[in-house]
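Source file: target.cif; contents: mmCIF, C-alpha atoms.
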```cif
data_target
loop_
_atom_site.group_PDB
_atom_site.id
_atom_site.type_symbol
_atom_site.label_atom_id
_atom_site.label_comp_id
_atom_site.auth_asym_id
_atom_site.auth_seq_id
_atom_site.Cartn_x
_atom_site.Cartn_y
_atom_site.Cartn_z
ATOM 1 C CA MET A 239 169.608 69.914 300.501
ATOM 2 C CA PRO A 240 165.975 70.401 301.523
ATOM 3 C CA THR A 241 164.428 67.600 303.569
ATOM 4 C CA ASP A 242 161.798 66.871 300.939
ATOM 5 C CA SER A 243 164.413 65.773 298.406
ATOM 6 C CA LYS A 244 165.898 63.137 300.735
ATOM 7 C CA PRO A 245 165.235 59.655 299.388
ATOM 8 C CA PHE A 246 162.929 57.078 300.883
ATOM 9 C CA ILE A 247 164.880 54.782 298.570
ATOM 10 C CA THR A 248 167.445 55.444 295.840
ATOM 11 C CA PRO A 249 167.133 54.198 292.242
ATOM 12 C CA ASP A 250 169.954 51.669 292.792
ATOM 13 C CA ALA A 251 168.276 50.171 295.869
ATOM 14 C CA LEU A 252 164.890 50.085 294.146
ATOM 15 C CA LEU A 253 166.318 48.005 291.286
ATOM 16 C CA VAL A 254 167.828 45.556 293.809
ATOM 17 C CA HIS A 255 164.408 45.347 295.498
ATOM 18 C CA TRP A 256 162.626 44.749 292.174
ATOM 19 C CA GLN A 257 165.056 42.088 290.993
ATOM 20 C CA GLY A 258 164.529 40.305 294.323
ATOM 21 C CA HIS A 259 160.797 40.217 293.589
ATOM 22 C CA ARG A 260 161.510 39.004 290.069
ATOM 23 C CA ARG A 261 163.610 36.101 291.393
ATOM 24 C CA LEU A 262 160.669 35.067 293.566
ATOM 25 C CA THR A 263 158.230 35.337 290.655
ATOM 26 C CA ARG A 264 160.559 33.145 288.587
ATOM 27 C CA ARG A 265 160.361 30.475 291.308
ATOM 28 C CA VAL A 266 156.549 30.724 291.322
ATOM 29 C CA ILE A 267 156.513 30.184 287.539
ATOM 30 C CA ASP A 268 158.812 27.212 288.103
ATOM 31 C CA ALA A 269 156.487 25.728 290.730
ATOM 32 C CA PHE A 270 153.653 25.322 288.186
ATOM 33 C CA PRO A 271 153.397 22.052 286.285
ATOM 34 C CA ASP A 272 153.985 22.858 282.602
ATOM 35 C CA ASP A 273 150.518 21.604 281.655
ATOM 36 C CA LYS A 274 148.818 23.876 284.215
ATOM 37 C CA LEU A 275 150.539 27.178 283.439
ATOM 38 C CA PHE A 276 148.101 28.195 280.691
ATOM 39 C CA THR A 277 145.127 26.021 281.605
ATOM 40 C CA PHE A 278 144.484 26.236 285.352
ATOM 41 C CA SER A 279 142.897 29.070 287.283
ATOM 42 C CA VAL A 280 140.403 29.748 290.083
ATOM 43 C CA GLY A 281 137.119 31.673 289.841
ATOM 44 C CA GLY A 282 137.308 32.212 286.093
ATOM 45 C CA MET A 283 140.459 34.309 286.355
ATOM 46 C CA ARG A 284 143.344 34.287 283.863
ATOM 47 C CA PRO A 285 145.838 31.389 284.146
ATOM 48 C CA PHE A 286 149.223 32.214 285.677
ATOM 49 C CA GLY A 287 151.032 31.860 282.351
ATOM 50 C CA VAL A 288 148.892 34.638 280.879
ATOM 51 C CA LEU A 289 149.563 36.820 283.917
ATOM 52 C CA THR A 290 153.277 36.121 283.508
ATOM 53 C CA LEU A 291 153.197 37.300 279.892
ATOM 54 C CA GLU A 292 151.456 40.469 281.075
ATOM 55 C CA LEU A 293 154.286 41.082 283.548
ATOM 56 C CA LEU A 294 156.914 40.534 280.831
ATOM 57 C CA THR A 295 155.198 43.025 278.521
ATOM 58 C CA MET A 296 155.171 45.704 281.240
ATOM 59 C CA ALA A 297 158.587 45.586 282.969
ATOM 60 C CA VAL A 298 161.249 46.103 280.296
ATOM 61 C CA PRO A 299 158.869 48.090 278.044
ATOM 62 C CA MET A 300 158.176 50.571 280.905
ATOM 63 C CA VAL A 301 161.861 51.109 281.622
ATOM 64 C CA ARG A 302 162.815 51.185 277.939
ATOM 65 C CA GLY A 303 160.099 53.764 277.339
ATOM 66 C CA ALA A 304 161.359 55.905 280.213
ATOM 67 C CA VAL A 305 164.849 55.792 278.704
ATOM 68 C CA SER A 306 164.108 56.147 275.009
ATOM 69 C CA GLY A 307 160.470 57.120 274.413
ATOM 70 C CA ASP A 308 159.974 53.809 272.580
ATOM 71 C CA TRP A 309 156.737 52.397 274.027
ATOM 72 C CA ASN A 310 156.438 49.309 271.885
ATOM 73 C CA THR A 311 155.415 46.112 273.647
ATOM 74 C CA SER A 312 153.884 42.743 272.822
ATOM 75 C CA SER A 313 150.204 42.038 273.317
ATOM 76 C CA SER A 314 150.459 38.311 272.571
ATOM 77 C CA ARG A 315 149.245 36.039 275.340
ATOM 78 C CA ASP A 316 149.681 32.799 273.369
ATOM 79 C CA PRO A 317 150.778 29.846 275.540
ATOM 80 C CA LEU A 318 154.518 29.175 275.772
ATOM 81 C CA HIS A 319 156.457 26.300 277.282
ATOM 82 C CA LYS A 320 157.819 27.023 280.733
ATOM 83 C CA HIS A 321 161.408 26.988 279.479
ATOM 84 C CA GLU A 322 160.506 29.678 276.943
ATOM 85 C CA ILE A 323 158.980 31.851 279.671
ATOM 86 C CA HIS A 324 162.110 31.334 281.762
ATOM 87 C CA ARG A 325 164.240 32.433 278.815
ATOM 88 C CA LEU A 326 162.148 35.583 278.318
ATOM 89 C CA TRP A 327 162.250 36.227 282.069
ATOM 90 C CA ASP A 328 166.044 35.947 282.216
ATOM 91 C CA GLU A 329 166.455 38.153 279.146
ATOM 92 C CA SER A 330 164.266 40.757 280.856
ATOM 93 C CA THR A 331 166.431 40.553 283.975
ATOM 94 C CA GLU A 332 169.522 41.458 281.946
ATOM 95 C CA GLN A 333 167.703 44.150 279.975
ATOM 96 C CA LEU A 334 166.425 45.785 283.167
ATOM 97 C CA ASN A 335 169.936 45.827 284.613
ATOM 98 C CA ALA A 336 171.267 47.415 281.415
ATOM 99 C CA LEU A 337 168.477 49.979 280.952
ATOM 100 C CA TRP A 338 167.933 51.098 284.555
ATOM 101 C CA PRO A 339 171.176 53.118 284.934
ATOM 102 C CA GLN A 340 170.282 54.954 281.715
ATOM 103 C CA ILE A 341 167.302 56.642 283.388
ATOM 104 C CA PRO A 342 168.516 60.124 284.417
ATOM 105 C CA PRO A 343 167.980 60.343 288.220
ATOM 106 C CA HIS A 344 165.785 63.469 287.984
ATOM 107 C CA ARG A 345 163.448 61.636 285.585
ATOM 108 C CA PHE A 346 161.935 59.555 288.413
ATOM 109 C CA GLN A 347 160.169 62.688 289.734
ATOM 110 C CA GLU A 348 158.921 63.804 286.301
ATOM 111 C CA THR A 349 155.414 63.259 284.937
ATOM 112 C CA ILE A 350 155.429 61.288 281.701
ATOM 113 C CA THR A 351 152.851 59.470 279.573
ATOM 114 C CA ALA A 352 153.615 55.755 279.357
ATOM 115 C CA PHE A 353 152.400 53.619 276.449
ATOM 116 C CA GLY A 354 150.610 56.658 275.023
ATOM 117 C CA GLN A 355 147.944 56.648 277.731
ATOM 118 C CA TYR A 356 149.149 56.348 281.359
ATOM 119 C CA LYS A 357 150.150 59.804 282.620
ATOM 120 C CA ASP A 358 151.816 59.856 286.046
ATOM 121 C CA VAL A 359 155.071 60.556 287.851
ATOM 122 C CA LEU A 360 157.636 58.011 286.664
ATOM 123 C CA HIS A 361 158.209 56.555 290.146
ATOM 124 C CA ASN A 362 154.469 55.813 290.380
ATOM 125 C CA LEU A 363 154.439 54.188 286.934
ATOM 126 C CA ILE A 364 157.360 51.933 287.889
ATOM 127 C CA LEU A 365 155.844 51.067 291.276
ATOM 128 C CA TYR A 366 152.641 50.174 289.426
ATOM 129 C CA VAL A 367 154.560 47.615 287.355
ATOM 130 C CA ILE A 368 156.196 46.110 290.467
ATOM 131 C CA ASP A 369 152.951 46.153 292.481
ATOM 132 C CA ASN A 370 151.106 44.499 289.596
ATOM 133 C CA GLU A 371 153.711 41.707 289.659
ATOM 134 C CA ILE A 372 153.234 41.212 293.427
ATOM 135 C CA HIS A 373 149.431 41.307 293.018
ATOM 136 C CA HIS A 374 149.296 38.666 290.282
ATOM 137 C CA ARG A 375 151.999 36.526 291.907
ATOM 138 C CA GLY A 376 149.854 36.467 295.067
ATOM 139 C CA GLN A 377 147.079 35.080 292.879
ATOM 140 C CA GLY A 378 149.519 32.475 291.585
ATOM 141 C CA TYR A 379 150.096 31.405 295.197
ATOM 142 C CA VAL A 380 146.374 30.604 295.496
ATOM 143 C CA TYR A 381 146.397 28.670 292.218
ATOM 144 C CA LEU A 382 149.378 26.623 293.467
ATOM 145 C CA ARG A 383 147.681 25.887 296.819
ATOM 146 C CA ALA A 384 144.501 24.889 294.973
ATOM 147 C CA LEU A 385 146.690 22.466 292.962
ATOM 148 C CA GLY A 386 148.107 21.047 296.205
ATOM 149 C CA ILE A 387 151.532 22.610 295.580
ATOM 150 C CA THR A 388 153.435 24.529 298.282
ATOM 151 C CA PRO A 389 154.557 27.921 296.881
ATOM 152 C CA PRO A 390 158.070 29.297 297.550
ATOM 153 C CA PRO A 391 158.391 31.440 300.711
ATOM 154 C CA PHE A 392 157.292 35.039 300.161
ATOM 155 C CA TYR A 393 160.197 36.430 302.188
ATOM 156 C CA GLU A 394 162.974 34.718 300.191
ATOM 157 C CA ARG A 395 164.240 37.011 297.449
ATOM 158 C CA GLY A 396 167.789 35.771 296.880
ATOM 159 C CA MET B 178 174.727 66.200 295.835
ATOM 160 C CA PRO B 179 176.093 62.877 294.581
ATOM 161 C CA THR B 180 173.915 61.043 292.094
ATOM 162 C CA ASP B 181 173.526 58.016 294.339
ATOM 163 C CA SER B 182 171.669 60.011 296.989
ATOM 164 C CA LYS B 183 169.011 61.216 294.523
ATOM 165 C CA PRO B 184 165.630 59.736 295.385
ATOM 166 C CA PHE B 185 163.724 57.176 293.385
ATOM 167 C CA ILE B 186 160.877 58.346 295.598
ATOM 168 C CA THR B 187 160.736 60.647 298.614
ATOM 169 C CA PRO B 188 159.236 59.677 301.999
ATOM 170 C CA ASP B 189 156.244 61.998 301.429
ATOM 171 C CA ALA B 190 155.431 60.423 298.062
ATOM 172 C CA LEU B 191 155.879 56.904 299.422
ATOM 173 C CA LEU B 192 153.279 57.553 302.145
ATOM 174 C CA VAL B 193 150.836 58.837 299.521
ATOM 175 C CA HIS B 194 151.493 55.670 297.488
ATOM 176 C CA TRP B 195 150.968 53.425 300.534
ATOM 177 C CA GLN B 196 147.746 55.140 301.628
ATOM 178 C CA GLY B 197 146.448 54.657 298.068
ATOM 179 C CA HIS B 198 147.058 50.920 298.439
ATOM 180 C CA ARG B 199 145.401 50.967 301.855
ATOM 181 C CA ARG B 200 142.279 52.617 300.407
ATOM 182 C CA LEU B 201 142.085 49.788 297.847
ATOM 183 C CA THR B 202 142.573 47.120 300.533
ATOM 184 C CA ARG B 203 139.752 48.734 302.547
ATOM 185 C CA ARG B 204 137.466 48.334 299.527
ATOM 186 C CA VAL B 205 138.487 44.664 299.174
ATOM 187 C CA ILE B 206 137.606 44.077 302.851
ATOM 188 C CA ASP B 207 134.290 45.806 302.163
ATOM 189 C CA ALA B 208 133.573 43.553 299.172
ATOM 190 C CA PHE B 209 133.539 40.421 301.353
ATOM 191 C CA PRO B 210 130.207 39.317 302.834
ATOM 192 C CA ASP B 211 130.537 39.627 306.632
ATOM 193 C CA ASP B 212 129.951 35.879 307.090
ATOM 194 C CA LYS B 213 132.741 34.978 304.648
ATOM 195 C CA LEU B 214 135.522 37.199 305.968
ATOM 196 C CA PHE B 215 136.753 34.709 308.584
ATOM 197 C CA THR B 216 135.350 31.479 307.131
ATOM 198 C CA PHE B 217 136.041 31.354 303.397
ATOM 199 C CA SER B 218 139.321 30.569 301.661
ATOM 200 C CA VAL B 219 140.755 28.599 298.745
ATOM 201 C CA GLY B 220 143.286 25.758 298.877
ATOM 202 C CA GLY B 221 143.417 25.602 302.682
ATOM 203 C CA MET B 222 144.831 29.126 302.962
ATOM 204 C CA ARG B 223 143.978 31.621 305.688
ATOM 205 C CA PRO B 224 140.671 33.521 305.318
ATOM 206 C CA PHE B 225 140.935 37.162 304.214
ATOM 207 C CA GLY B 226 139.894 38.467 307.638
ATOM 208 C CA VAL B 227 142.887 36.741 309.222
ATOM 209 C CA LEU B 228 145.167 38.188 306.535
ATOM 210 C CA THR B 229 143.668 41.632 307.212
ATOM 211 C CA LEU B 230 144.492 41.350 310.924
ATOM 212 C CA GLU B 231 148.062 40.425 309.955
ATOM 213 C CA LEU B 232 148.305 43.590 307.849
ATOM 214 C CA LEU B 233 146.970 45.710 310.719
ATOM 215 C CA THR B 234 149.523 44.268 313.130
ATOM 216 C CA MET B 235 152.406 45.078 310.759
ATOM 217 C CA ALA B 236 151.747 48.578 309.355
ATOM 218 C CA VAL B 237 151.449 50.957 312.314
ATOM 219 C CA PRO B 238 153.657 48.767 314.543
ATOM 220 C CA MET B 239 156.481 48.913 311.955
ATOM 221 C CA VAL B 240 156.314 52.693 311.645
ATOM 222 C CA ARG B 241 155.837 53.207 315.389
ATOM 223 C CA GLY B 242 158.868 50.999 316.025
ATOM 224 C CA ALA B 243 160.956 52.978 313.556
ATOM 225 C CA VAL B 244 159.983 56.184 315.354
ATOM 226 C CA SER B 245 160.135 55.090 318.979
ATOM 227 C CA GLY B 246 161.776 51.658 319.322
ATOM 228 C CA ASP B 247 158.479 50.321 320.718
ATOM 229 C CA TRP B 248 157.918 47.069 318.805
ATOM 230 C CA ASN B 249 154.757 45.901 320.545
ATOM 231 C CA THR B 250 152.030 44.502 318.321
ATOM 232 C CA SER B 251 148.978 42.273 318.609
ATOM 233 C CA SER B 252 149.094 38.596 317.684
ATOM 234 C CA SER B 253 145.340 38.028 318.008
ATOM 235 C CA ARG B 254 143.642 36.717 314.894
ATOM 236 C CA ASP B 255 140.210 36.286 316.505
ATOM 237 C CA PRO B 256 137.346 37.037 314.116
ATOM 238 C CA LEU B 257 135.922 40.558 314.179
ATOM 239 C CA HIS B 258 132.867 42.066 312.522
ATOM 240 C CA LYS B 259 133.623 43.940 309.320
ATOM 241 C CA HIS B 260 132.707 47.277 310.903
ATOM 242 C CA GLU B 261 135.269 46.624 313.643
ATOM 243 C CA ILE B 262 137.966 45.895 311.050
ATOM 244 C CA HIS B 263 137.019 49.078 309.209
ATOM 245 C CA ARG B 264 137.358 51.030 312.461
ATOM 246 C CA LEU B 265 140.824 49.548 313.125
ATOM 247 C CA TRP B 266 141.793 50.215 309.503
ATOM 248 C CA ASP B 267 140.742 53.870 309.689
ATOM 249 C CA GLU B 268 142.506 54.338 313.025
ATOM 250 C CA SER B 269 145.669 52.916 311.423
ATOM 251 C CA THR B 270 145.321 55.357 308.522
ATOM 252 C CA GLU B 271 145.367 58.299 310.917
ATOM 253 C CA GLN B 272 148.172 56.826 313.024
ATOM 254 C CA LEU B 273 150.342 56.270 309.927
ATOM 255 C CA ASN B 274 149.787 59.864 308.831
ATOM 256 C CA ALA B 275 150.765 61.099 312.305
ATOM 257 C CA LEU B 276 153.793 58.827 312.797
ATOM 258 C CA TRP B 277 155.325 58.948 309.320
ATOM 259 C CA PRO B 278 156.654 62.542 309.467
ATOM 260 C CA GLN B 279 158.325 61.667 312.795
ATOM 261 C CA ILE B 280 160.750 59.282 311.047
ATOM 262 C CA PRO B 281 163.976 61.264 310.553
ATOM 263 C CA PRO B 282 164.678 61.246 306.775
ATOM 264 C CA HIS B 283 168.142 59.682 307.167
ATOM 265 C CA ARG B 284 166.615 56.766 309.103
ATOM 266 C CA PHE B 285 165.165 55.212 305.901
ATOM 267 C CA GLN B 286 168.706 54.266 304.802
ATOM 268 C CA GLU B 287 169.721 52.863 308.204
ATOM 269 C CA THR B 288 169.791 49.186 309.152
ATOM 270 C CA ILE B 289 167.554 48.431 312.125
ATOM 271 C CA THR B 290 166.131 45.310 313.773
ATOM 272 C CA ALA B 291 162.336 45.309 313.640
ATOM 273 C CA PHE B 292 160.229 43.375 316.148
ATOM 274 C CA GLY B 293 163.421 42.060 317.734
ATOM 275 C CA GLN B 294 164.223 39.768 314.804
ATOM 276 C CA TYR B 295 164.023 41.309 311.301
ATOM 277 C CA LYS B 296 167.294 43.110 310.537
ATOM 278 C CA ASP B 297 167.328 45.151 307.315
ATOM 279 C CA VAL B 298 167.504 48.664 305.932
ATOM 280 C CA LEU B 299 164.368 50.520 307.057
ATOM 281 C CA HIS B 300 163.185 51.199 303.489
ATOM 282 C CA ASN B 301 163.260 47.441 302.825
ATOM 283 C CA LEU B 302 161.345 46.694 306.028
ATOM 284 C CA ILE B 303 158.641 49.201 305.107
ATOM 285 C CA LEU B 304 158.437 47.952 301.511
ATOM 286 C CA TYR B 305 158.042 44.440 302.936
ATOM 287 C CA VAL B 306 154.963 45.583 304.862
ATOM 288 C CA ILE B 307 153.461 47.236 301.776
ATOM 289 C CA ASP B 308 154.359 44.313 299.479
ATOM 290 C CA ASN B 309 152.858 41.853 301.956
ATOM 291 C CA GLU B 310 149.616 43.856 301.817
ATOM 292 C CA ILE B 311 149.585 43.740 297.997
ATOM 293 C CA HIS B 312 150.422 39.997 298.052
ATOM 294 C CA HIS B 313 147.611 39.037 300.422
ATOM 295 C CA ARG B 314 145.131 41.430 298.837
ATOM 296 C CA GLY B 315 145.821 39.701 295.503
ATOM 297 C CA GLN B 316 144.840 36.462 297.233
ATOM 298 C CA GLY B 317 141.669 38.208 298.450
ATOM 299 C CA TYR B 318 140.857 38.975 294.802
ATOM 300 C CA VAL B 319 140.872 35.227 294.056
ATOM 301 C CA TYR B 320 138.677 34.490 297.075
ATOM 302 C CA LEU B 321 136.185 37.132 295.884
ATOM 303 C CA ARG B 322 136.139 35.740 292.334
ATOM 304 C CA ALA B 323 135.651 32.227 293.738
ATOM 305 C CA LEU B 324 132.644 33.640 295.642
ATOM 306 C CA GLY B 325 131.287 35.116 292.407
ATOM 307 C CA ILE B 326 132.025 38.692 293.540
ATOM 308 C CA THR B 327 133.768 41.242 291.274
ATOM 309 C CA PRO B 328 136.702 42.830 293.156
ATOM 310 C CA PRO B 329 137.374 46.587 292.988
ATOM 311 C CA PRO B 330 139.693 47.692 290.150
ATOM 312 C CA PHE B 331 143.382 47.264 291.007
ATOM 313 C CA TYR B 332 144.317 50.600 289.439
ATOM 314 C CA GLU B 333 141.885 52.733 291.479
ATOM 315 C CA ARG B 334 143.591 54.108 294.582
ATOM 316 C CA GLY B 335 141.622 57.290 295.321
#
```

Would you write the structure of this file as structure tokens?
Amino acid sequence: MPTDSKPFITPDALLVHWQGHRRLTRRVIDAFPDDKLFTFSVGGMRPFGVLTLELLTMAVPMVRGAVSGDWNTSSSRDPLHKHEIHRLWDESTEQLNALWPQIPPHRFQETITAFGQYKDVLHNLILYVIDNEIHHRGQGYVYLRALGITPPPFYERG
Amino acid sequence: MPTDSKPFITPDALLVHWQGHRRLTRRVIDAFPDDKLFTFSVGGMRPFGVLTLELLTMAVPMVRGAVSGDWNTSSSRDPLHKHEIHRLWDESTEQLNALWPQIPPHRFQETITAFGQYKDVLHNLILYVIDNEIHHRGQGYVYLRALGITPPPFYERG
């Protein structure tokens, strides 16, 4: 096996890593008062609830698209109650676990076009979805601090 | 080759991905007025300059430790001029490029203890460093917006 095909990380370990991030994001959603999720922000940015809907419409749709070529996703950013977001989040967790093993391992190194417009190697497209979650969750931390709420520890992923 | 040793991403590609993030973080540092870098924050959080010094004291030191077992790093968070941070950032870029290929490929799947206290698989430790950069940079985006400054686009990494 040539050195350049050794993994930095395997698909199985990457899913574990991602789901750890998603557990933390779920706790950040939970830390917001229900009446602030779609109303509060800093510097004219989007409220955390809207960012959360963006994350939901990227994660499963990216993986489903990589598996099936079906790139449908929702563009609605209408406010939802926190318990509804939690339900969607938990459904996505199960869907990711079910879809992920259906991606053929060689596919992660292939260039595909996601959502009809984003052409890149699949591992980069998936990392973009994860990185976008971390990026917006970091913004949620600032919103929480500005509300006087202590966010959950960044390093806890269990 | 068993399926479970196939890469999600290879070490070479992961370094390219990381350096793309680091180019974006450099632009976020650059977007801050020099007099705001170590003075301005939101919600009582640390200023972006302090967060930047944290990132600098994690990236090269983590990779150097993985290569050599030398876990020394700086704990100083004293304010620096932006041009000094840029110089440290660019030095780190070169050091990462030089050190990265010295990590034996099998090492990424090994459990090590970083900085004498963080025990995990090396790929998780490195992802933690990258994710921490994305997390704090996302907070920098909010600081910039609160200052009335448009941050650089998240998707541009070149």

Give as a ChimeraX atom specification every residue of chain A that touches chain B within 7 Å, counting only C-alpha atoms.
/A:242-249,280-281,343,346,361,369,372-374,376-377,380,383-384

Atoms to include: C-alpha atoms. Write the selected residues as an mmCIF file, keeping the file's coordinate frame.
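Result file again.cif:
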```cif
data_model
loop_
_atom_site.group_PDB
_atom_site.id
_atom_site.type_symbol
_atom_site.label_atom_id
_atom_site.label_comp_id
_atom_site.auth_asym_id
_atom_site.auth_seq_id
_atom_site.Cartn_x
_atom_site.Cartn_y
_atom_site.Cartn_z
ATOM 1 C CA ASP A 242 161.798 66.871 300.939
ATOM 2 C CA SER A 243 164.413 65.773 298.406
ATOM 3 C CA LYS A 244 165.898 63.137 300.735
ATOM 4 C CA PRO A 245 165.235 59.655 299.388
ATOM 5 C CA PHE A 246 162.929 57.078 300.883
ATOM 6 C CA ILE A 247 164.880 54.782 298.570
ATOM 7 C CA THR A 248 167.445 55.444 295.840
ATOM 8 C CA PRO A 249 167.133 54.198 292.242
ATOM 9 C CA VAL A 280 140.403 29.748 290.083
ATOM 10 C CA GLY A 281 137.119 31.673 289.841
ATOM 11 C CA PRO A 343 167.980 60.343 288.220
ATOM 12 C CA PHE A 346 161.935 59.555 288.413
ATOM 13 C CA HIS A 361 158.209 56.555 290.146
ATOM 14 C CA ASP A 369 152.951 46.153 292.481
ATOM 15 C CA ILE A 372 153.234 41.212 293.427
ATOM 16 C CA HIS A 373 149.431 41.307 293.018
ATOM 17 C CA HIS A 374 149.296 38.666 290.282
ATOM 18 C CA GLY A 376 149.854 36.467 295.067
ATOM 19 C CA GLN A 377 147.079 35.080 292.879
ATOM 20 C CA VAL A 380 146.374 30.604 295.496
ATOM 21 C CA ARG A 383 147.681 25.887 296.819
ATOM 22 C CA ALA A 384 144.501 24.889 294.973
#
```

With all atoms listed in the file counted, which protein, DNA or RNA residues have an atom no more than 9 Å from (147.1, 42.6, 312.5) in the file frame? Please answer as a list of chain:residue names.
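Residues lying no farther than 9 Å from the given point: B:Val227, B:Leu228, B:Thr229, B:Leu230, B:Glu231, B:Leu232, B:Leu233, B:Thr234, B:Met235, B:Ala236, B:Thr250, B:Ser251, B:Ser252, B:Ser253, B:Arg254.
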
Leaving out Gly293 of chain B and any residue of its chain fewer than 5 positions from it, which residues lie within 12 Å of it when counting only C-alpha atoms, given as a list of chain:residue names?
B:Met239, B:Gly242, B:Ala243, B:Gly246, B:Asp247, B:Trp248, B:Asn249, B:Thr250

Convert the current residue selection to file output with C-alpha atoms, as a PDB file, in the coordinates of the input.
```
ATOM      1  CA  MET B 239     156.481  48.913 311.955  1.00  0.00           C
ATOM      2  CA  GLY B 242     158.868  50.999 316.025  1.00  0.00           C
ATOM      3  CA  ALA B 243     160.956  52.978 313.556  1.00  0.00           C
ATOM      4  CA  GLY B 246     161.776  51.658 319.322  1.00  0.00           C
ATOM      5  CA  ASP B 247     158.479  50.321 320.718  1.00  0.00           C
ATOM      6  CA  TRP B 248     157.918  47.069 318.805  1.00  0.00           C
ATOM      7  CA  ASN B 249     154.757  45.901 320.545  1.00  0.00           C
ATOM      8  CA  THR B 250     152.030  44.502 318.321  1.00  0.00           C
TER       9      THR B 250
END
```

Hey, can you check how far atom CA of Pro328 of chain B sits from atom CA of Ala208 of chain B?
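One can read the atom CA of Pro328 of chain B to atom CA of Ala208 of chain B distance as 6.8 Å.
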
Give me the residues near Val301 of chain A as a PyMOL selection string, where near means some atom within 8 Å (using all atoms listed in the file) and where sequence neighbours in that chain fewer than 4 positions away do not count.
chain A and resi 297+305+334+337-338+341+364

Between atom CA of Thr327 of chain B and atom CA of Val266 of chain A, what is the spacing in Å?
25.1 Å

Taking only C-alpha atoms into account, name the residue in A:Glu394, A:Glu322, A:Glu332, A:Asp268 that is nearest to Phe286 of chain A.
A:Asp268

Counting only C-alpha atoms, the residue of B:Gly226, B:Phe217, B:Asp211, B:Pro238 that sits nearest Phe292 of chain B:
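Closest to Phe292 of chain B, using only C-alpha atoms: B:Pro238.
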
Build an axis-aligned box that encloses every atom of segment 385-392 of chain A listed in the file, pad it by 5 Å on each side, and report its centre and edge lengths in Å to one decimal, as lines of an AutoDock Vina configuration file.
```
center_x = 152.5
center_y = 28.0
center_z = 296.8
size_x = 21.7
size_y = 24.0
size_z = 17.7
```

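Take atom CA of Ser330 of chain A and atom CA of Val298 of chain A: the distance between them is 6.2 Å.
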